[in-house]
Amino acid sequence: MPTSDVIIIGGGIVGAASAFFCAQAGLRVTLLEKRKALGLLTTSASLAAFRAQFAEAENIAMMRESISFFENVRERTKLDDADIGIVQQGYLFCTTNPQVPARMKARVEFQHAHGLTDVELWDGDETRKHFPFISDDVVGATFRAQDGWLSPNDLTNVYARAAVRDGAQIFYETFVTDLMLSGGHVRGAQTNREQFYAPLVILAAGPYAKKFAARYEWNLPITLLRRQHAAIKEHALIPPHAPMTIDADTGAHWRPEARGAILAVNTDEPEGEPSDNIQPDWEFPALALDAVIRITPFWENVAEHLRKGDLDVRAGQYDMTPDAKPILDEHPHLRGFFVHCGYSGHGVMGSAAGARMLADLMTGKMKRDENAFGMARFEKMDVGALEKMVL
Ligand SMILES: Cc1cc2nc3c(=O)[nH]c(=O)nc-3n(C[C@H](O)[C@H](O)[C@H](O)COP(=O)(O)OP(=O)(O)OC[C@H]3O[C@@H](n4cnc5c(N)ncnc54)[C@H](O)[C@@H]3O)c2cc1C
């Protein structure tokens, strides 16, 4: 009958980060993962990128905190050999639309006012001066050199290793079937193996969180959407020192990966059901290649010479909330039942700050009304009026 202070359901990057920060806060942690290893579901489908260039104060703060953690991961985890494969070659948002630079300017001013003073605003010529492969059609861009990417599986394992060093226990092939409850409180989790006892439970089950929470009359406003990325193993024309390069007008993006690249574009998808087996489309690489040619025309030459064996394609699910921000909160009636999910495509980059905030919320260090990522925000929200932002 294993007993701890907190049970975490799910060993993706969000569950592993939660384990680390809860252990840091002095809680005895049990992490339950249904698969044979950590990070095998959405986390391993990720493009693994991180940026602080956001349009809302709480997102900027969250990602700055996470990026600082990534940059200082050895000191922060006290693991001298921690290697998360961090690459900081920047994020470049480009537009060909003459009306967009004015919006970019306002956004950069907002970012500067919120402490993100290293975001640069460039016209088309300045952009090409820094990155000559950018199309002559690009008329404006924003750039932040400290944005970048990392290895999400290495980061997941670093969080987990540091948590275990601090006393956490991880159980694999352990599928949580139910919560154990009494008198409006969580008492633990029932699994396919045995019962685990704890007065606190964090639901970090990625795409499965909504369905699991619904069984306890907790309606999380999450929509699951399939997202894919194409990987090109190697090609001499791909500039290895390029930033994450985003077409701000369409959302298509790519970044170098070793001597190859990873590309993505959003496709229209119906709302999905949670699944461990999200199938990619083999047509997707062609779609993504077509989409990135607009702002980076060298891709046309790359595409001409590619064979199927040069390509890989992966798919996973975004757990989208109405404002594309995560949910960190406690069940309204079941004391001790917390969620940590809904990252809407930003769970790698948000994992460190989100998990730190959740640990603070659970231990009383953060007050409920200080939590910008609670469910209360959805009550006030005019979802229809939310700007759909590609930037
Ligand atoms: C194509 C694509 C590109 C992306 N690119 C980026 C990016 O560039 N940057 C970024 O920050 N984010 C990106 N994301 C999003 C990011 O991958 C996710 O936000 C993040 O991985 C979510 O992590 P998670 O731990 O919540 O979920 P998951 O990684 O899905 O982990 C959930 C875990 O819970 C386990 N589980 C579920 N139910 C149970 C149960 N009942 N009992 C036990 N275990 C259970 C699962 O087995 C799984 O291991 C991308 C996502 C996709 C699909």
# chains A, B, ... in the order shown; residues from 1 in each chain; ligands from 1
>>> residues_near_ligand(ligand="ligand 1", cutoff="7 Å", atoms="only C-alpha atoms and all ligand atoms", output="mmCIF file with all heavy atoms, in the first residue's frame")
data_model
loop_
_atom_site.group_PDB
_atom_site.id
_atom_site.type_symbol
_atom_site.label_atom_id
_atom_site.label_comp_id
_atom_site.auth_asym_id
_atom_site.auth_seq_id
_atom_site.Cartn_x
_atom_site.Cartn_y
_atom_site.Cartn_z
ATOM 1 N N ILE A 9 -0.472 11.668 -12.179
ATOM 2 C CA ILE A 9 -0.960 10.743 -13.214
ATOM 3 C C ILE A 9 -0.403 11.209 -14.550
ATOM 4 O O ILE A 9 -0.792 12.256 -15.067
ATOM 5 C CB ILE A 9 -2.505 10.728 -13.274
ATOM 6 C CG1 ILE A 9 -3.100 10.413 -11.902
ATOM 7 C CG2 ILE A 9 -2.989 9.732 -14.335
ATOM 8 C CD1 ILE A 9 -4.626 10.523 -11.850
ATOM 9 N N GLY A 10 0.537 10.447 -15.101
ATOM 10 C CA GLY A 10 1.084 10.765 -16.423
ATOM 11 C C GLY A 10 2.543 11.194 -16.355
ATOM 12 O O GLY A 10 2.892 12.109 -15.597
ATOM 13 N N GLY A 11 3.358 10.527 -17.147
ATOM 14 C CA GLY A 11 4.790 10.807 -17.166
ATOM 15 C C GLY A 11 5.255 11.368 -18.488
ATOM 16 O O GLY A 11 6.269 10.960 -19.040
ATOM 17 N N GLY A 12 4.506 12.351 -19.020
ATOM 18 C CA GLY A 12 5.026 13.173 -20.116
ATOM 19 C C GLY A 12 5.879 14.269 -19.493
ATOM 20 O O GLY A 12 6.194 14.249 -18.289
ATOM 21 N N ILE A 13 6.237 15.254 -20.297
ATOM 22 C CA ILE A 13 7.118 16.312 -19.787
ATOM 23 C C ILE A 13 6.445 17.101 -18.666
ATOM 24 O O ILE A 13 7.122 17.536 -17.719
ATOM 25 C CB ILE A 13 7.591 17.236 -20.940
ATOM 26 C CG1 ILE A 13 8.854 17.971 -20.538
ATOM 27 C CG2 ILE A 13 6.493 18.188 -21.420
ATOM 28 C CD1 ILE A 13 9.615 18.581 -21.702
ATOM 29 N N VAL A 14 5.117 17.237 -18.735
ATOM 30 C CA VAL A 14 4.408 18.022 -17.721
ATOM 31 C C VAL A 14 4.353 17.259 -16.393
ATOM 32 O O VAL A 14 4.578 17.839 -15.313
ATOM 33 C CB VAL A 14 2.999 18.399 -18.243
ATOM 34 C CG1 VAL A 14 2.141 19.022 -17.153
ATOM 35 C CG2 VAL A 14 3.131 19.350 -19.438
ATOM 36 N N GLY A 15 4.104 15.948 -16.455
ATOM 37 C CA GLY A 15 4.097 15.142 -15.234
ATOM 38 C C GLY A 15 5.485 15.072 -14.612
ATOM 39 O O GLY A 15 5.634 15.173 -13.385
ATOM 40 N N LEU A 32 2.901 8.025 -11.723
ATOM 41 C CA LEU A 32 2.348 6.805 -12.323
ATOM 42 C C LEU A 32 2.215 6.997 -13.831
ATOM 43 O O LEU A 32 1.517 7.917 -14.283
ATOM 44 C CB LEU A 32 0.973 6.498 -11.709
ATOM 45 C CG LEU A 32 0.948 6.394 -10.176
ATOM 46 C CD1 LEU A 32 -0.485 6.172 -9.679
ATOM 47 C CD2 LEU A 32 1.873 5.290 -9.670
ATOM 48 N N GLU A 33 2.865 6.144 -14.593
ATOM 49 C CA GLU A 33 2.850 6.253 -16.061
ATOM 50 C C GLU A 33 2.431 4.905 -16.634
ATOM 51 O O GLU A 33 2.980 3.870 -16.269
ATOM 52 C CB GLU A 33 4.236 6.666 -16.573
ATOM 53 C CG GLU A 33 4.438 6.500 -18.068
ATOM 54 C CD GLU A 33 3.393 7.196 -18.945
ATOM 55 O OE1 GLU A 33 3.083 8.364 -18.711
ATOM 56 O OE2 GLU A 33 2.865 6.520 -19.869
ATOM 57 N N LYS A 34 1.481 4.954 -17.549
ATOM 58 C CA LYS A 34 0.943 3.689 -18.061
ATOM 59 C C LYS A 34 1.877 2.998 -19.054
ATOM 60 O O LYS A 34 1.785 1.803 -19.274
ATOM 61 C CB LYS A 34 -0.431 3.916 -18.689
ATOM 62 C CG LYS A 34 -0.407 4.703 -19.971
ATOM 63 C CD LYS A 34 -1.816 4.887 -20.521
ATOM 64 C CE LYS A 34 -1.774 5.675 -21.809
ATOM 65 N NZ LYS A 34 -3.084 5.919 -22.385
ATOM 66 N N ARG A 35 2.809 3.767 -19.642
ATOM 67 C CA ARG A 35 3.702 3.168 -20.637
ATOM 68 C C ARG A 35 4.997 2.673 -19.975
ATOM 69 O O ARG A 35 5.208 2.841 -18.782
ATOM 70 C CB ARG A 35 4.009 4.187 -21.706
ATOM 71 C CG ARG A 35 2.764 4.521 -22.520
ATOM 72 C CD ARG A 35 3.178 5.321 -23.690
ATOM 73 N NE ARG A 35 2.145 5.349 -24.703
ATOM 74 C CZ ARG A 35 2.413 5.596 -25.973
ATOM 75 N NH1 ARG A 35 3.629 5.794 -26.389
ATOM 76 N NH2 ARG A 35 1.435 5.637 -26.852
ATOM 77 N N LEU A 38 9.044 7.237 -19.922
ATOM 78 C CA LEU A 38 8.477 8.588 -19.847
ATOM 79 C C LEU A 38 8.505 9.259 -21.218
ATOM 80 O O LEU A 38 9.362 8.952 -22.062
ATOM 81 C CB LEU A 38 9.279 9.437 -18.862
ATOM 82 C CG LEU A 38 9.384 8.893 -17.441
ATOM 83 C CD1 LEU A 38 10.261 9.814 -16.589
ATOM 84 C CD2 LEU A 38 8.006 8.742 -16.802
ATOM 85 N N GLY A 39 7.583 10.188 -21.411
ATOM 86 C CA GLY A 39 7.665 11.093 -22.569
ATOM 87 C C GLY A 39 7.378 10.461 -23.914
ATOM 88 O O GLY A 39 7.788 10.987 -24.945
ATOM 89 N N LEU A 40 6.659 9.346 -23.929
ATOM 90 C CA LEU A 40 6.481 8.643 -25.210
ATOM 91 C C LEU A 40 5.265 9.118 -26.012
ATOM 92 O O LEU A 40 5.131 8.769 -27.172
ATOM 93 C CB LEU A 40 6.340 7.130 -24.980
ATOM 94 C CG LEU A 40 7.570 6.405 -24.442
ATOM 95 C CD1 LEU A 40 7.303 4.918 -24.332
ATOM 96 C CD2 LEU A 40 8.776 6.662 -25.332
ATOM 97 N N LEU A 41 4.394 9.927 -25.373
ATOM 98 C CA LEU A 41 3.164 10.286 -26.113
ATOM 99 C C LEU A 41 3.361 11.655 -26.794
ATOM 100 O O LEU A 41 4.194 11.780 -27.682
ATOM 101 C CB LEU A 41 1.966 10.232 -25.158
ATOM 102 C CG LEU A 41 0.581 10.303 -25.793
ATOM 103 C CD1 LEU A 41 0.375 9.196 -26.810
ATOM 104 C CD2 LEU A 41 -0.521 10.263 -24.746
ATOM 105 N N THR A 42 2.621 12.669 -26.397
ATOM 106 C CA THR A 42 2.709 13.968 -27.079
ATOM 107 C C THR A 42 4.123 14.545 -27.021
ATOM 108 O O THR A 42 4.600 15.157 -27.996
ATOM 109 C CB THR A 42 1.735 14.973 -26.427
ATOM 110 O OG1 THR A 42 0.554 14.287 -26.032
ATOM 111 C CG2 THR A 42 1.410 16.093 -27.372
ATOM 112 N N THR A 43 4.777 14.361 -25.893
ATOM 113 C CA THR A 43 6.101 14.961 -25.690
ATOM 114 C C THR A 43 7.072 14.578 -26.805
ATOM 115 O O THR A 43 7.845 15.412 -27.282
ATOM 116 C CB THR A 43 6.628 14.562 -24.297
ATOM 117 O OG1 THR A 43 5.712 15.102 -23.326
ATOM 118 C CG2 THR A 43 8.029 15.065 -24.035
ATOM 119 N N SER A 44 7.001 13.330 -27.260
ATOM 120 C CA SER A 44 7.977 12.914 -28.266
ATOM 121 C C SER A 44 7.554 13.323 -29.681
ATOM 122 O O SER A 44 8.329 13.171 -30.623
ATOM 123 C CB SER A 44 8.238 11.416 -28.197
ATOM 124 O OG SER A 44 7.047 10.739 -28.424
ATOM 125 N N ALA A 45 6.340 13.843 -29.847
ATOM 126 C CA ALA A 45 5.909 14.329 -31.174
ATOM 127 C C ALA A 45 6.226 15.812 -31.361
ATOM 128 O O ALA A 45 6.036 16.372 -32.434
ATOM 129 C CB ALA A 45 4.407 14.109 -31.338
ATOM 130 N N SER A 46 6.733 16.430 -30.308
ATOM 131 C CA SER A 46 6.897 17.887 -30.300
ATOM 132 C C SER A 46 7.994 18.383 -31.241
ATOM 133 O O SER A 46 8.942 17.659 -31.527
ATOM 134 C CB SER A 46 7.230 18.289 -28.861
ATOM 135 O OG SER A 46 7.786 19.548 -28.817
ATOM 136 N N LEU A 47 7.858 19.651 -31.650
ATOM 137 C CA LEU A 47 8.954 20.311 -32.377
ATOM 138 C C LEU A 47 10.014 20.817 -31.415
ATOM 139 O O LEU A 47 11.049 21.318 -31.836
ATOM 140 C CB LEU A 47 8.427 21.510 -33.170
ATOM 141 C CG LEU A 47 8.298 21.318 -34.675
ATOM 142 C CD1 LEU A 47 6.970 20.677 -34.995
ATOM 143 C CD2 LEU A 47 8.404 22.648 -35.388
ATOM 144 N N ALA A 48 9.692 20.749 -30.117
ATOM 145 C CA ALA A 48 10.686 20.961 -29.059
ATOM 146 C C ALA A 48 11.187 22.387 -28.946
ATOM 147 O O ALA A 48 12.262 22.632 -28.411
ATOM 148 C CB ALA A 48 11.861 20.009 -29.265
ATOM 149 N N ALA A 49 10.439 23.320 -29.468
ATOM 150 C CA ALA A 49 10.921 24.696 -29.505
ATOM 151 C C ALA A 49 10.380 25.493 -28.317
ATOM 152 O O ALA A 49 9.358 25.146 -27.730
ATOM 153 C CB ALA A 49 10.499 25.339 -30.816
ATOM 154 N N PHE A 50 11.109 26.574 -27.982
ATOM 155 C CA PHE A 50 10.651 27.459 -26.903
ATOM 156 C C PHE A 50 10.877 28.903 -27.307
ATOM 157 O O PHE A 50 11.812 29.226 -28.030
ATOM 158 C CB PHE A 50 11.375 27.143 -25.579
ATOM 159 C CG PHE A 50 12.867 27.243 -25.636
ATOM 160 C CD1 PHE A 50 13.506 28.475 -25.508
ATOM 161 C CD2 PHE A 50 13.652 26.110 -25.811
ATOM 162 C CE1 PHE A 50 14.891 28.572 -25.554
ATOM 163 C CE2 PHE A 50 15.041 26.198 -25.857
ATOM 164 C CZ PHE A 50 15.662 27.439 -25.730
ATOM 165 N N THR A 174 1.792 1.457 -15.237
ATOM 166 C CA THR A 174 0.826 1.598 -14.147
ATOM 167 C C THR A 174 -0.250 2.566 -14.616
ATOM 168 O O THR A 174 -0.019 3.783 -14.713
ATOM 169 C CB THR A 174 1.542 2.113 -12.870
ATOM 170 O OG1 THR A 174 2.609 1.213 -12.584
ATOM 171 C CG2 THR A 174 0.582 2.170 -11.705
ATOM 172 N N PHE A 175 -1.391 2.001 -14.924
ATOM 173 C CA PHE A 175 -2.483 2.750 -15.539
ATOM 174 C C PHE A 175 -3.492 3.133 -14.457
ATOM 175 O O PHE A 175 -4.028 2.263 -13.756
ATOM 176 C CB PHE A 175 -3.139 1.861 -16.594
ATOM 177 C CG PHE A 175 -4.338 2.475 -17.246
ATOM 178 C CD1 PHE A 175 -4.203 3.602 -18.040
ATOM 179 C CD2 PHE A 175 -5.603 1.934 -17.077
ATOM 180 C CE1 PHE A 175 -5.306 4.180 -18.646
ATOM 181 C CE2 PHE A 175 -6.718 2.506 -17.676
ATOM 182 C CZ PHE A 175 -6.560 3.638 -18.457
ATOM 183 N N VAL A 176 -3.711 4.420 -14.296
ATOM 184 C CA VAL A 176 -4.660 4.876 -13.274
ATOM 185 C C VAL A 176 -6.072 4.718 -13.825
ATOM 186 O O VAL A 176 -6.425 5.315 -14.850
ATOM 187 C CB VAL A 176 -4.389 6.341 -12.864
ATOM 188 C CG1 VAL A 176 -5.427 6.805 -11.851
ATOM 189 C CG2 VAL A 176 -2.974 6.482 -12.316
ATOM 190 N N THR A 177 -6.871 3.909 -13.144
ATOM 191 C CA THR A 177 -8.239 3.660 -13.611
ATOM 192 C C THR A 177 -9.237 4.591 -12.928
ATOM 193 O O THR A 177 -10.217 5.007 -13.545
ATOM 194 C CB THR A 177 -8.628 2.200 -13.334
ATOM 195 O OG1 THR A 177 -8.383 1.927 -11.955
ATOM 196 C CG2 THR A 177 -7.810 1.240 -14.201
ATOM 197 N N ALA A 204 -1.874 14.882 -14.948
ATOM 198 C CA ALA A 204 -0.993 15.414 -16.008
ATOM 199 C C ALA A 204 -0.995 14.413 -17.157
ATOM 200 O O ALA A 204 0.046 13.994 -17.640
ATOM 201 C CB ALA A 204 0.413 15.632 -15.462
ATOM 202 N N ALA A 205 -2.202 14.041 -17.558
ATOM 203 C CA ALA A 205 -2.363 12.945 -18.521
ATOM 204 C C ALA A 205 -2.441 13.438 -19.956
ATOM 205 O O ALA A 205 -2.909 12.709 -20.841
ATOM 206 C CB ALA A 205 -3.606 12.133 -18.167
ATOM 207 N N GLY A 206 -1.965 14.667 -20.223
ATOM 208 C CA GLY A 206 -1.934 15.183 -21.591
ATOM 209 C C GLY A 206 -3.299 15.075 -22.246
ATOM 210 O O GLY A 206 -4.310 15.544 -21.689
ATOM 211 N N PRO A 207 -3.379 14.451 -23.426
ATOM 212 C CA PRO A 207 -4.655 14.410 -24.147
ATOM 213 C C PRO A 207 -5.757 13.626 -23.418
ATOM 214 O O PRO A 207 -6.928 13.752 -23.765
ATOM 215 C CB PRO A 207 -4.299 13.722 -25.473
ATOM 216 C CG PRO A 207 -2.920 13.209 -25.342
ATOM 217 C CD PRO A 207 -2.261 13.890 -24.189
ATOM 218 N N TYR A 208 -5.382 12.839 -22.432
ATOM 219 C CA TYR A 208 -6.382 12.058 -21.688
ATOM 220 C C TYR A 208 -6.968 12.827 -20.494
ATOM 221 O O TYR A 208 -7.894 12.337 -19.845
ATOM 222 C CB TYR A 208 -5.770 10.748 -21.188
ATOM 223 C CG TYR A 208 -5.511 9.764 -22.307
ATOM 224 C CD1 TYR A 208 -4.295 9.747 -22.968
ATOM 225 C CD2 TYR A 208 -6.499 8.872 -22.725
ATOM 226 C CE1 TYR A 208 -4.056 8.876 -24.022
ATOM 227 C CE2 TYR A 208 -6.271 7.994 -23.770
ATOM 228 C CZ TYR A 208 -5.051 8.000 -24.421
ATOM 229 O OH TYR A 208 -4.819 7.127 -25.463
ATOM 230 N N ALA A 209 -6.436 14.006 -20.204
ATOM 231 C CA ALA A 209 -6.853 14.711 -18.986
ATOM 232 C C ALA A 209 -8.339 15.083 -19.017
ATOM 233 O O ALA A 209 -9.046 14.911 -18.025
ATOM 234 C CB ALA A 209 -5.989 15.951 -18.791
ATOM 235 N N ARG A 226 -5.288 17.098 -33.912
ATOM 236 C CA ARG A 226 -4.063 16.470 -34.400
ATOM 237 C C ARG A 226 -3.111 17.536 -34.963
ATOM 238 O O ARG A 226 -3.545 18.439 -35.676
ATOM 239 C CB ARG A 226 -4.398 15.464 -35.509
ATOM 240 C CG ARG A 226 -3.156 14.751 -36.009
ATOM 241 C CD ARG A 226 -3.496 13.729 -37.049
ATOM 242 N NE ARG A 226 -3.972 14.356 -38.276
ATOM 243 C CZ ARG A 226 -3.844 13.838 -39.485
ATOM 244 N NH1 ARG A 226 -3.280 12.646 -39.624
ATOM 245 N NH2 ARG A 226 -4.307 14.440 -40.553
ATOM 246 N N ARG A 227 -1.839 17.417 -34.627
ATOM 247 C CA ARG A 227 -0.800 18.263 -35.213
ATOM 248 C C ARG A 227 0.357 17.374 -35.648
ATOM 249 O O ARG A 227 0.644 16.369 -35.001
ATOM 250 C CB ARG A 227 -0.291 19.294 -34.197
ATOM 251 C CG ARG A 227 -1.301 20.388 -33.911
ATOM 252 C CD ARG A 227 -1.421 21.332 -35.093
ATOM 253 N NE ARG A 227 -2.442 22.349 -34.915
ATOM 254 C CZ ARG A 227 -3.607 22.384 -35.556
ATOM 255 N NH1 ARG A 227 -3.933 21.433 -36.411
ATOM 256 N NH2 ARG A 227 -4.463 23.357 -35.362
ATOM 257 N N GLN A 228 1.004 17.759 -36.756
ATOM 258 C CA GLN A 228 2.051 16.906 -37.311
ATOM 259 C C GLN A 228 3.323 17.717 -37.553
ATOM 260 O O GLN A 228 3.280 18.945 -37.666
ATOM 261 C CB GLN A 228 1.596 16.358 -38.661
ATOM 262 C CG GLN A 228 0.229 15.705 -38.609
ATOM 263 C CD GLN A 228 -0.172 15.163 -39.962
ATOM 264 O OE1 GLN A 228 0.443 14.239 -40.466
ATOM 265 N NE2 GLN A 228 -1.200 15.739 -40.551
ATOM 266 N N HIS A 229 4.433 17.015 -37.644
ATOM 267 C CA HIS A 229 5.638 17.670 -38.155
ATOM 268 C C HIS A 229 6.375 16.708 -39.074
ATOM 269 O O HIS A 229 6.286 15.487 -38.938
ATOM 270 C CB HIS A 229 6.533 18.202 -37.028
ATOM 271 C CG HIS A 229 7.335 17.192 -36.278
ATOM 272 N ND1 HIS A 229 7.145 16.927 -34.940
ATOM 273 C CD2 HIS A 229 8.347 16.400 -36.664
ATOM 274 C CE1 HIS A 229 8.014 16.015 -34.548
ATOM 275 N NE2 HIS A 229 8.751 15.664 -35.570
ATOM 276 N N ARG A 314 5.687 12.793 -38.024
ATOM 277 C CA ARG A 314 5.184 12.399 -36.700
ATOM 278 C C ARG A 314 3.897 13.167 -36.419
ATOM 279 O O ARG A 314 3.710 14.279 -36.908
ATOM 280 C CB ARG A 314 6.197 12.772 -35.604
ATOM 281 C CG ARG A 314 7.550 12.113 -35.718
ATOM 282 C CD ARG A 314 7.478 10.638 -35.374
ATOM 283 N NE ARG A 314 6.891 10.391 -34.071
ATOM 284 C CZ ARG A 314 7.575 10.336 -32.930
ATOM 285 N NH1 ARG A 314 8.886 10.515 -32.938
ATOM 286 N NH2 ARG A 314 6.975 10.096 -31.785
ATOM 287 N N ALA A 315 3.046 12.569 -35.602
ATOM 288 C CA ALA A 315 1.799 13.256 -35.238
ATOM 289 C C ALA A 315 1.510 13.080 -33.761
ATOM 290 O O ALA A 315 1.915 12.092 -33.143
ATOM 291 C CB ALA A 315 0.634 12.696 -36.057
ATOM 292 N N GLY A 316 0.836 14.060 -33.213
ATOM 293 C CA GLY A 316 0.385 13.997 -31.822
ATOM 294 C C GLY A 316 -0.837 14.889 -31.693
ATOM 295 O O GLY A 316 -1.385 15.345 -32.708
ATOM 296 N N GLN A 317 -1.255 15.144 -30.464
ATOM 297 C CA GLN A 317 -2.460 15.965 -30.261
ATOM 298 C C GLN A 317 -2.140 17.211 -29.440
ATOM 299 O O GLN A 317 -1.495 17.113 -28.395
ATOM 300 C CB GLN A 317 -3.530 15.135 -29.550
ATOM 301 C CG GLN A 317 -4.086 14.039 -30.426
ATOM 302 C CD GLN A 317 -5.071 13.167 -29.680
ATOM 303 O OE1 GLN A 317 -4.742 12.570 -28.653
ATOM 304 N NE2 GLN A 317 -6.286 13.069 -30.197
ATOM 305 N N TYR A 318 -2.621 18.355 -29.932
ATOM 306 C CA TYR A 318 -2.610 19.576 -29.124
ATOM 307 C C TYR A 318 -3.837 19.504 -28.210
ATOM 308 O O TYR A 318 -4.937 19.197 -28.681
ATOM 309 C CB TYR A 318 -2.783 20.810 -30.018
ATOM 310 C CG TYR A 318 -1.525 21.426 -30.587
ATOM 311 C CD1 TYR A 318 -0.349 20.711 -30.736
ATOM 312 C CD2 TYR A 318 -1.544 22.757 -30.982
ATOM 313 C CE1 TYR A 318 0.783 21.315 -31.277
ATOM 314 C CE2 TYR A 318 -0.416 23.368 -31.523
ATOM 315 C CZ TYR A 318 0.744 22.643 -31.667
ATOM 316 O OH TYR A 318 1.847 23.253 -32.207
ATOM 317 N N CYS A 341 -2.583 20.688 -17.317
ATOM 318 C CA CYS A 341 -2.761 20.223 -18.706
ATOM 319 C C CYS A 341 -3.210 21.406 -19.572
ATOM 320 O O CYS A 341 -3.164 22.550 -19.142
ATOM 321 C CB CYS A 341 -3.820 19.112 -18.725
ATOM 322 S SG CYS A 341 -5.428 19.697 -18.184
ATOM 323 N N TYR A 343 -1.922 22.630 -22.434
ATOM 324 C CA TYR A 343 -0.827 23.516 -22.852
ATOM 325 C C TYR A 343 -0.955 24.030 -24.281
ATOM 326 O O TYR A 343 -0.183 24.892 -24.703
ATOM 327 C CB TYR A 343 0.530 22.862 -22.619
ATOM 328 C CG TYR A 343 1.083 23.173 -21.240
ATOM 329 C CD1 TYR A 343 0.870 22.314 -20.179
ATOM 330 C CD2 TYR A 343 1.768 24.356 -21.013
ATOM 331 C CE1 TYR A 343 1.360 22.618 -18.908
ATOM 332 C CE2 TYR A 343 2.268 24.677 -19.759
ATOM 333 C CZ TYR A 343 2.064 23.803 -18.717
ATOM 334 O OH TYR A 343 2.544 24.122 -17.467
ATOM 335 N N SER A 344 -1.868 23.489 -25.057
ATOM 336 C CA SER A 344 -2.191 24.076 -26.368
ATOM 337 C C SER A 344 -0.960 24.228 -27.268
ATOM 338 O O SER A 344 -0.784 25.257 -27.938
ATOM 339 C CB SER A 344 -2.857 25.454 -26.175
ATOM 340 O OG SER A 344 -3.921 25.380 -25.260
ATOM 341 N N GLY A 345 -0.091 23.215 -27.258
ATOM 342 C CA GLY A 345 1.080 23.276 -28.128
ATOM 343 C C GLY A 345 2.288 23.950 -27.511
ATOM 344 O O GLY A 345 3.279 24.198 -28.202
ATOM 345 N N HIS A 346 2.236 24.237 -26.195
ATOM 346 C CA HIS A 346 3.360 24.938 -25.556
ATOM 347 C C HIS A 346 3.852 24.225 -24.300
ATOM 348 O O HIS A 346 4.448 24.857 -23.421
ATOM 349 C CB HIS A 346 2.935 26.373 -25.189
ATOM 350 C CG HIS A 346 2.425 27.157 -26.350
ATOM 351 N ND1 HIS A 346 1.243 27.856 -26.331
ATOM 352 C CD2 HIS A 346 2.922 27.319 -27.593
ATOM 353 C CE1 HIS A 346 1.044 28.439 -27.502
ATOM 354 N NE2 HIS A 346 2.046 28.128 -28.290
ATOM 355 N N GLY A 347 3.604 22.930 -24.216
ATOM 356 C CA GLY A 347 3.890 22.224 -22.956
ATOM 357 C C GLY A 347 5.352 21.956 -22.696
ATOM 358 O O GLY A 347 5.754 21.815 -21.543
ATOM 359 N N VAL A 348 6.154 21.883 -23.759
ATOM 360 C CA VAL A 348 7.587 21.719 -23.531
ATOM 361 C C VAL A 348 8.119 23.019 -22.928
ATOM 362 O O VAL A 348 8.741 23.030 -21.865
ATOM 363 C CB VAL A 348 8.315 21.367 -24.844
ATOM 364 C CG1 VAL A 348 9.816 21.397 -24.660
ATOM 365 C CG2 VAL A 348 7.840 20.006 -25.344
ATOM 366 N N MET A 349 7.813 24.135 -23.615
ATOM 367 C CA MET A 349 8.370 25.410 -23.164
ATOM 368 C C MET A 349 7.784 25.880 -21.836
ATOM 369 O O MET A 349 8.453 26.552 -21.060
ATOM 370 C CB MET A 349 8.229 26.484 -24.244
ATOM 371 C CG MET A 349 6.852 26.814 -24.689
ATOM 372 S SD MET A 349 6.888 28.087 -26.007
ATOM 373 C CE MET A 349 6.650 27.139 -27.491
ATOM 374 N N GLY A 350 6.535 25.513 -21.562
ATOM 375 C CA GLY A 350 5.910 25.996 -20.323
ATOM 376 C C GLY A 350 6.148 25.091 -19.129
ATOM 377 O O GLY A 350 5.793 25.454 -17.992
#
>>> atom_distance(atom1="CA of Leu361 in chain A", atom2="CA of Val339 in chain A")
11.4 Å
>>> residues_around(residues="Asp360 in chain A", least_positions_apart="6", cutoff="9 Å", atoms="only C-alpha atoms", output="short mmCIF file (atom, residue, chain, number, x, y, z; two decimals) with N, CA and C atoms, in the first residue's frame")
data_model
loop_
_atom_site.label_atom_id
_atom_site.label_comp_id
_atom_site.auth_asym_id
_atom_site.auth_seq_id
_atom_site.Cartn_x
_atom_site.Cartn_y
_atom_site.Cartn_z
N PHE A 21 9.25 19.64 -9.36
CA PHE A 21 8.97 20.82 -8.53
C PHE A 21 8.24 20.45 -7.23
N CYS A 22 7.42 19.40 -7.26
CA CYS A 22 6.79 18.97 -6.00
C CYS A 22 7.85 18.41 -5.05
N ALA A 25 9.65 21.07 -3.46
CA ALA A 25 8.84 21.74 -2.43
C ALA A 25 8.73 20.88 -1.16
N MET A 366 1.42 30.04 -3.39
CA MET A 366 0.69 30.93 -4.31
C MET A 366 -0.80 30.87 -3.94
N LYS A 367 -1.40 32.05 -3.84
CA LYS A 367 -2.83 32.11 -3.52
C LYS A 367 -3.64 31.82 -4.79
#
>>> select_by_dssp(residues="range 189-256 of chain A", states="strand (DSSP E or B)", output="PyMOL selection string")
chain A and resi 189-191+195-197+200-203+223-232+244-247+253-256
>>> closest_residue(among="A:Gly124, A:Pro285, A:Gly364, A:Pro221", to="Pro326 in chain A", atoms="only C-alpha atoms")
A:Pro221
>>> atom_distance(atom1="CA of Asp329 in chain A", atom2="CA of Gly354 in chain A")
11.0 Å
>>> residues_around(residues="Ala189 in chain A", least_positions_apart="5", cutoff="7 Å", atoms="only C-alpha atoms", output="number ranges by chain")
A: 176, 178-180, 195-197
>>> closest_residue(among="A:Asp323, A:Glu304, A:Asp154, A:Glu379", to="Ala55 in chain A", atoms="only C-alpha atoms")
A:Asp323
>>> select_by_dssp(residues="range 104-168 of chain A", states="alpha helix (DSSP H)", output="ChimeraX atom specification")
/A:104-113,124-130,152-165
>>> closest_residue(among="A:Phe298, A:Tyr91, A:Phe110, A:Phe171", to="Pro132 in chain A", atoms="only C-alpha atoms")
A:Phe298
